[in-house]
$ cat structure-v9.cif   # mmCIF, C-alpha atoms
data_upload
loop_
_atom_site.label_atom_id
_atom_site.label_comp_id
_atom_site.auth_asym_id
_atom_site.auth_seq_id
_atom_site.Cartn_x
_atom_site.Cartn_y
_atom_site.Cartn_z
CA MET A 1 10.71 -27.64 12.05
CA THR A 2 14.37 -27.38 12.93
CA GLY A 3 17.69 -26.58 11.31
CA TRP A 4 17.48 -25.23 7.78
CA THR A 5 14.10 -26.83 7.04
CA GLU A 6 11.82 -23.96 8.07
CA TYR A 7 14.05 -21.33 6.47
CA THR A 8 14.27 -23.20 3.17
CA LEU A 9 10.51 -23.78 3.14
CA ALA A 10 9.69 -20.15 3.98
CA LEU A 11 12.07 -18.79 1.35
CA THR A 12 10.80 -21.22 -1.29
CA ILE A 13 7.14 -20.35 -0.67
CA PHE A 14 7.91 -16.62 -0.67
CA VAL A 15 9.70 -16.81 -4.02
CA ALA A 16 7.02 -19.11 -5.48
CA SER A 17 4.27 -16.68 -4.44
CA HIS A 18 5.84 -14.06 -6.73
CA PHE A 19 6.26 -16.31 -9.76
CA LEU A 20 3.37 -18.80 -9.74
CA PRO A 21 0.59 -16.19 -10.28
CA ARG A 22 2.26 -15.19 -13.56
CA ILE A 23 2.17 -18.73 -14.97
CA GLY A 24 -0.66 -19.53 -17.34
CA GLY A 25 -2.42 -16.20 -16.80
CA LEU A 26 -3.45 -17.16 -13.25
CA ARG A 27 -3.09 -13.61 -11.95
CA ASP A 28 -5.27 -12.15 -14.70
CA ARG A 29 -7.97 -14.75 -14.06
CA LEU A 30 -7.95 -14.01 -10.32
CA ILE A 31 -8.13 -10.27 -10.97
CA GLY A 32 -11.06 -10.87 -13.31
CA ALA A 33 -12.82 -12.94 -10.66
CA VAL A 34 -12.35 -10.75 -7.56
CA GLY A 35 -11.32 -7.36 -8.96
CA ARG A 36 -7.95 -5.62 -9.07
CA ARG A 37 -8.24 -3.84 -5.71
CA LEU A 38 -9.20 -6.96 -3.72
CA TYR A 39 -6.59 -9.09 -5.48
CA PHE A 40 -3.71 -6.72 -4.81
CA SER A 41 -4.86 -6.08 -1.22
CA ALA A 42 -4.93 -9.81 -0.52
CA TYR A 43 -1.69 -10.39 -2.40
CA GLY A 44 0.04 -7.58 -0.52
CA PHE A 45 -1.09 -8.99 2.82
CA LEU A 46 0.09 -12.48 1.81
CA SER A 47 3.47 -11.14 0.66
CA LEU A 48 3.97 -9.21 3.90
CA THR A 49 3.03 -12.25 5.99
CA LEU A 50 5.44 -14.48 4.07
CA LEU A 51 8.19 -11.87 4.34
CA VAL A 52 7.80 -11.77 8.12
CA TRP A 53 7.96 -15.57 8.18
CA VAL A 54 11.15 -15.59 6.09
CA ILE A 55 12.80 -13.05 8.41
CA VAL A 56 11.79 -14.98 11.53
CA ALA A 57 12.90 -18.28 9.99
CA ALA A 58 16.30 -16.77 9.09
CA GLY A 59 16.76 -15.91 12.76
CA ARG A 60 15.98 -19.50 13.73
CA ALA A 61 18.33 -21.05 11.17
CA PRO A 62 21.72 -22.42 12.32
CA TYR A 63 24.29 -19.68 12.82
CA VAL A 64 27.12 -19.94 10.30
CA GLU A 65 29.32 -16.87 10.55
CA LEU A 66 30.78 -15.41 7.35
CA TRP A 67 31.98 -12.18 8.99
CA PRO A 68 31.65 -10.89 12.57
CA GLN A 69 29.34 -8.06 13.56
CA ALA A 70 31.13 -4.91 14.69
CA PRO A 71 29.12 -2.36 16.73
CA TRP A 72 29.49 0.35 14.05
CA THR A 73 27.73 -1.82 11.45
CA ARG A 74 24.39 -1.28 13.22
CA TRP A 75 24.54 2.35 12.13
CA MET A 76 24.05 1.29 8.52
CA PRO A 77 20.35 0.34 8.89
CA ASN A 78 19.77 3.33 11.18
CA ILE A 79 21.05 5.68 8.48
CA ALA A 80 19.39 3.96 5.52
CA MET A 81 15.98 3.08 6.94
CA PRO A 82 14.57 6.61 7.37
CA ILE A 83 15.28 7.18 3.68
CA ALA A 84 13.82 3.80 2.71
CA THR A 85 10.65 4.35 4.73
CA VAL A 86 10.08 7.78 3.21
CA LEU A 87 10.59 6.31 -0.27
CA VAL A 88 7.96 3.66 0.47
CA PHE A 89 5.32 6.17 1.56
CA CYS A 90 6.11 8.52 -1.32
CA GLY A 91 6.06 5.61 -3.77
CA PHE A 92 2.70 4.00 -3.05
CA GLY A 93 0.16 5.14 -5.61
CA LEU A 94 2.83 6.80 -7.75
CA ARG A 95 1.40 7.96 -11.08
CA ASN A 96 3.74 5.63 -12.92
CA PRO A 97 2.42 2.29 -14.20
CA TYR A 98 5.95 1.07 -14.94
CA THR A 99 7.08 0.39 -11.39
CA LEU A 100 6.19 -1.54 -8.25
CA GLY A 101 3.35 0.11 -6.34
CA GLY A 102 2.49 2.51 -9.17
CA LYS A 103 -1.03 3.07 -10.42
CA ARG A 104 -1.57 0.57 -13.22
CA ASP A 105 -4.18 2.68 -15.01
CA ALA A 106 -2.19 5.93 -14.71
CA ILE A 107 -0.80 7.81 -17.68
CA ILE A 108 2.34 9.61 -16.60
CA ASP A 109 2.52 13.20 -17.82
CA PRO A 110 6.12 14.25 -18.58
CA GLU A 111 5.07 17.82 -17.81
CA LYS A 112 3.78 16.79 -14.36
CA PRO A 113 5.70 13.66 -13.28
CA GLY A 114 5.14 14.21 -9.56
CA PHE A 115 7.45 12.26 -7.25
CA ALA A 116 8.61 10.17 -10.22
CA ALA A 117 10.80 13.16 -11.12
CA VAL A 118 12.75 12.39 -7.93
CA CYS A 119 12.55 8.61 -8.16
CA ARG A 120 10.57 6.54 -10.65
CA HIS A 121 11.19 3.29 -8.72
CA PRO A 122 10.93 4.31 -5.04
CA LEU A 123 9.76 0.94 -3.73
CA PHE A 124 12.53 -0.97 -5.47
CA LEU A 125 15.09 1.53 -4.21
CA ALA A 126 13.66 1.29 -0.69
CA LEU A 127 13.88 -2.50 -0.82
CA ALA A 128 17.50 -2.32 -2.01
CA LEU A 129 18.37 0.11 0.81
CA TRP A 130 16.64 -2.06 3.42
CA ALA A 131 18.35 -5.23 2.26
CA GLY A 132 21.78 -3.72 1.61
CA ALA A 133 21.89 -1.86 4.92
CA HIS A 134 20.84 -4.94 6.91
CA LEU A 135 23.35 -7.12 5.07
CA VAL A 136 26.29 -5.22 6.61
CA PRO A 137 25.65 -6.11 10.29
CA ASN A 138 24.24 -9.59 9.55
CA GLY A 139 27.18 -11.67 8.42
CA ASP A 140 25.76 -15.11 9.09
CA LEU A 141 24.91 -17.38 6.16
CA ALA A 142 21.11 -17.35 6.56
CA HIS A 143 20.88 -13.57 6.65
CA VAL A 144 23.43 -13.09 3.88
CA ILE A 145 21.24 -15.28 1.65
CA LEU A 146 18.13 -13.37 2.75
CA PHE A 147 19.33 -9.78 2.45
CA GLY A 148 21.69 -10.46 -0.44
CA SER A 149 18.88 -12.02 -2.49
CA PHE A 150 16.51 -9.13 -1.84
CA ALA A 151 19.17 -6.54 -2.69
CA ILE A 152 20.03 -8.27 -5.97
CA MET A 153 16.37 -8.71 -6.96
CA ALA A 154 15.53 -5.07 -6.18
CA VAL A 155 18.47 -3.69 -8.14
CA ALA A 156 17.85 -6.05 -11.08
CA ALA A 157 14.16 -5.12 -11.21
CA ILE A 158 14.87 -1.47 -12.02
CA PRO A 159 16.41 -2.00 -15.49
CA ALA A 160 13.86 -4.76 -16.17
CA PHE A 161 10.93 -2.41 -15.52
CA ASP A 162 12.64 0.37 -17.46
CA ALA A 163 13.04 -1.98 -20.42
CA LYS A 164 9.33 -2.80 -20.26
CA ALA A 165 8.53 0.94 -20.23
CA ARG A 166 10.66 1.47 -23.34
CA ARG A 167 8.89 -1.35 -25.19
CA THR A 168 5.45 -0.14 -24.16
CA LEU A 169 5.96 3.59 -24.71
CA GLY A 170 7.87 3.39 -27.99
CA ASN A 171 8.39 6.96 -29.20
CA GLY A 172 7.06 8.26 -25.89
CA ALA A 173 9.91 6.66 -23.94
CA ALA A 174 12.32 9.59 -24.31
CA PRO A 175 9.99 12.18 -22.66
CA TYR A 176 9.18 9.67 -19.90
CA PHE A 177 12.82 9.00 -19.02
CA GLY A 178 13.70 12.67 -19.44
CA ALA A 179 11.09 13.68 -16.87
CA THR A 180 11.88 10.97 -14.29
CA GLY A 181 15.00 9.76 -12.50
CA ILE A 182 16.45 6.87 -10.56
CA LEU A 183 17.21 9.25 -7.69
CA SER A 184 17.49 12.97 -8.36
CA LEU A 185 17.39 16.07 -6.19
CA ARG A 186 17.03 18.44 -9.15
CA PRO A 187 13.22 18.70 -8.89
CA PHE A 188 13.59 20.36 -5.47
CA ALA A 189 15.31 23.28 -7.19
CA ASP A 190 12.35 23.68 -9.59
CA LYS A 191 9.92 26.27 -8.21
CA SER A 192 6.94 25.02 -10.22
CA TRP A 193 7.57 21.41 -9.15
CA ARG A 194 7.78 22.45 -5.49
CA ALA A 195 4.57 24.45 -5.75
CA THR A 196 2.67 21.35 -6.91
CA ASN A 197 4.36 18.64 -4.89
CA ALA A 198 5.78 20.17 -1.69
CA ARG A 199 2.67 19.76 0.48
CA PRO A 200 1.77 16.11 -0.35
CA LEU A 201 5.46 15.21 -0.24
CA ALA A 202 5.85 16.79 3.20
CA ILE A 203 2.82 14.88 4.52
CA ARG A 204 4.05 11.53 3.19
CA THR A 205 7.56 12.22 4.47
CA ALA A 206 6.23 12.98 7.96
CA ILE A 207 4.18 9.77 7.98
CA GLY A 208 7.17 7.78 6.78
CA LEU A 209 9.41 9.19 9.51
CA LEU A 210 6.78 8.50 12.18
CA ILE A 211 6.49 4.89 11.03
CA TRP A 212 10.29 4.56 10.97
CA THR A 213 10.54 5.95 14.52
CA ALA A 214 7.93 3.48 15.74
CA ALA A 215 9.62 0.57 13.94
CA LEU A 216 13.00 1.56 15.38
CA HIS A 217 11.74 1.44 18.95
CA LEU A 218 9.71 -1.74 18.37
CA HIS A 219 12.57 -3.53 16.60
CA THR A 220 13.82 -5.31 19.72
CA LEU A 221 10.31 -6.47 20.66
CA LEU A 222 9.32 -7.64 17.17
CA ILE A 223 12.62 -8.92 15.76
CA GLY A 224 14.42 -9.80 18.98
CA VAL A 225 17.55 -7.78 18.18
CA SER A 226 18.35 -4.22 19.27
CA PRO A 227 19.00 -1.87 16.32
CA PHE A 228 21.22 0.35 18.44
CA PRO A 229 25.00 -0.07 18.64
CA ALA A 230 26.07 -1.68 21.90
#

$ encode --input "structure-v9.cif" --output "structure tokens"
Amino acid sequence: MTGWTEYTLALTIFVASHFLPRIGGLRDRLIGAVGRRLYFSAYGFLSLTLLVWVIVAAGRAPYVELWPQAPWTRWMPNIAMPIATVLVFCGFGLRNPYTLGGKRDAIIDPEKPGFAAVCRHPLFLALALWAGAHLVPNGDLAHVILFGSFAIMAVAAIPAFDAKARRTLGNGAAPYFGATGILSLRPFADKSWRATNARPLAIRTAIGLLIWTAALHLHTLLIGVSPFPA
């Protein structure tokens, strides 16, 4: 496939994979057939594979420059990605059923919100940081469509999931939103919160930074572009 064909196909299939399972209760039937854990493991692997394809296809698409890349713009992903990676590792398994990557069967306790006190939508925020930071140095049309779309979808998902939480929780919505935040550093000043969460948070942060370091040094090999300013 040449030109825009592969990129259009990859992007279409990626978007369709996120909407088609919700049509006609298909996702619920698949979960009932294979179980929640197997379904989401397979779906996560499929989504990651398609995402890699979309990124690779964007690099193969015709280059149509919208703005030039200045050397300083490569610092944007290098600054944002450590934060995004830590948010991802702190967000998986979050005891918050009203966000991406949260435990669906969890009941969030406003008295013990865990990492949700810092960020109740860490994966969406990480996605927005990844996309927004990569948009700055990638001013060609294919990558602007790619990163711009992901940034918009991630930012738009936050109020959509919050609205769902309000509808579901009813009178319990106020304590939930009072105990959690979009991005807040206040919990770190709370001694009782630190006593409960400091150790697991430190472990996840260390893992996230190790993964980011590895990804940074493998970026040229895997993506074909150096992340370091020339």

$ resolve_selection --input "structure-v9.cif" --expression "the PyMOL selection byres ((chain A and resi 53-59) around 9)" --output "ChimeraX atom specification"
/A:4,6-11,14,48-52,60-63,142-143,146,223

$ residues_around --input "structure-v9.cif" --residues "stretch 38-41 of chain A" --least-positions-apart "6" --cutoff "10 Å" --atoms "all atoms listed in the file" --output "count of residues only"
7

$ atom_distance --input "structure-v9.cif" --atom1 "atom CA of A:Ala128" --atom2 "atom CA of A:Val155"
6.4 Å

$ closest_residue --input "structure-v9.cif" --among "A:Ala174, A:Arg104, A:Ile83, A:Ala157" --to "A:Ala206" --atoms "only C-alpha atoms"
A:Ile83

$ closest_residue --input "structure-v9.cif" --among "A:Gly148, A:Gly172, A:Pro159, A:Gly181" --to "A:Leu135" --atoms "only C-alpha atoms"
A:Gly148

$ resolve_selection --input "structure-v9.cif" --expression "the PyMOL selection byres ((chain A and resi 209) around 10)" --output "VMD selection string"
chain A and resid 81 to 86 89 204 to 208 210 to 215
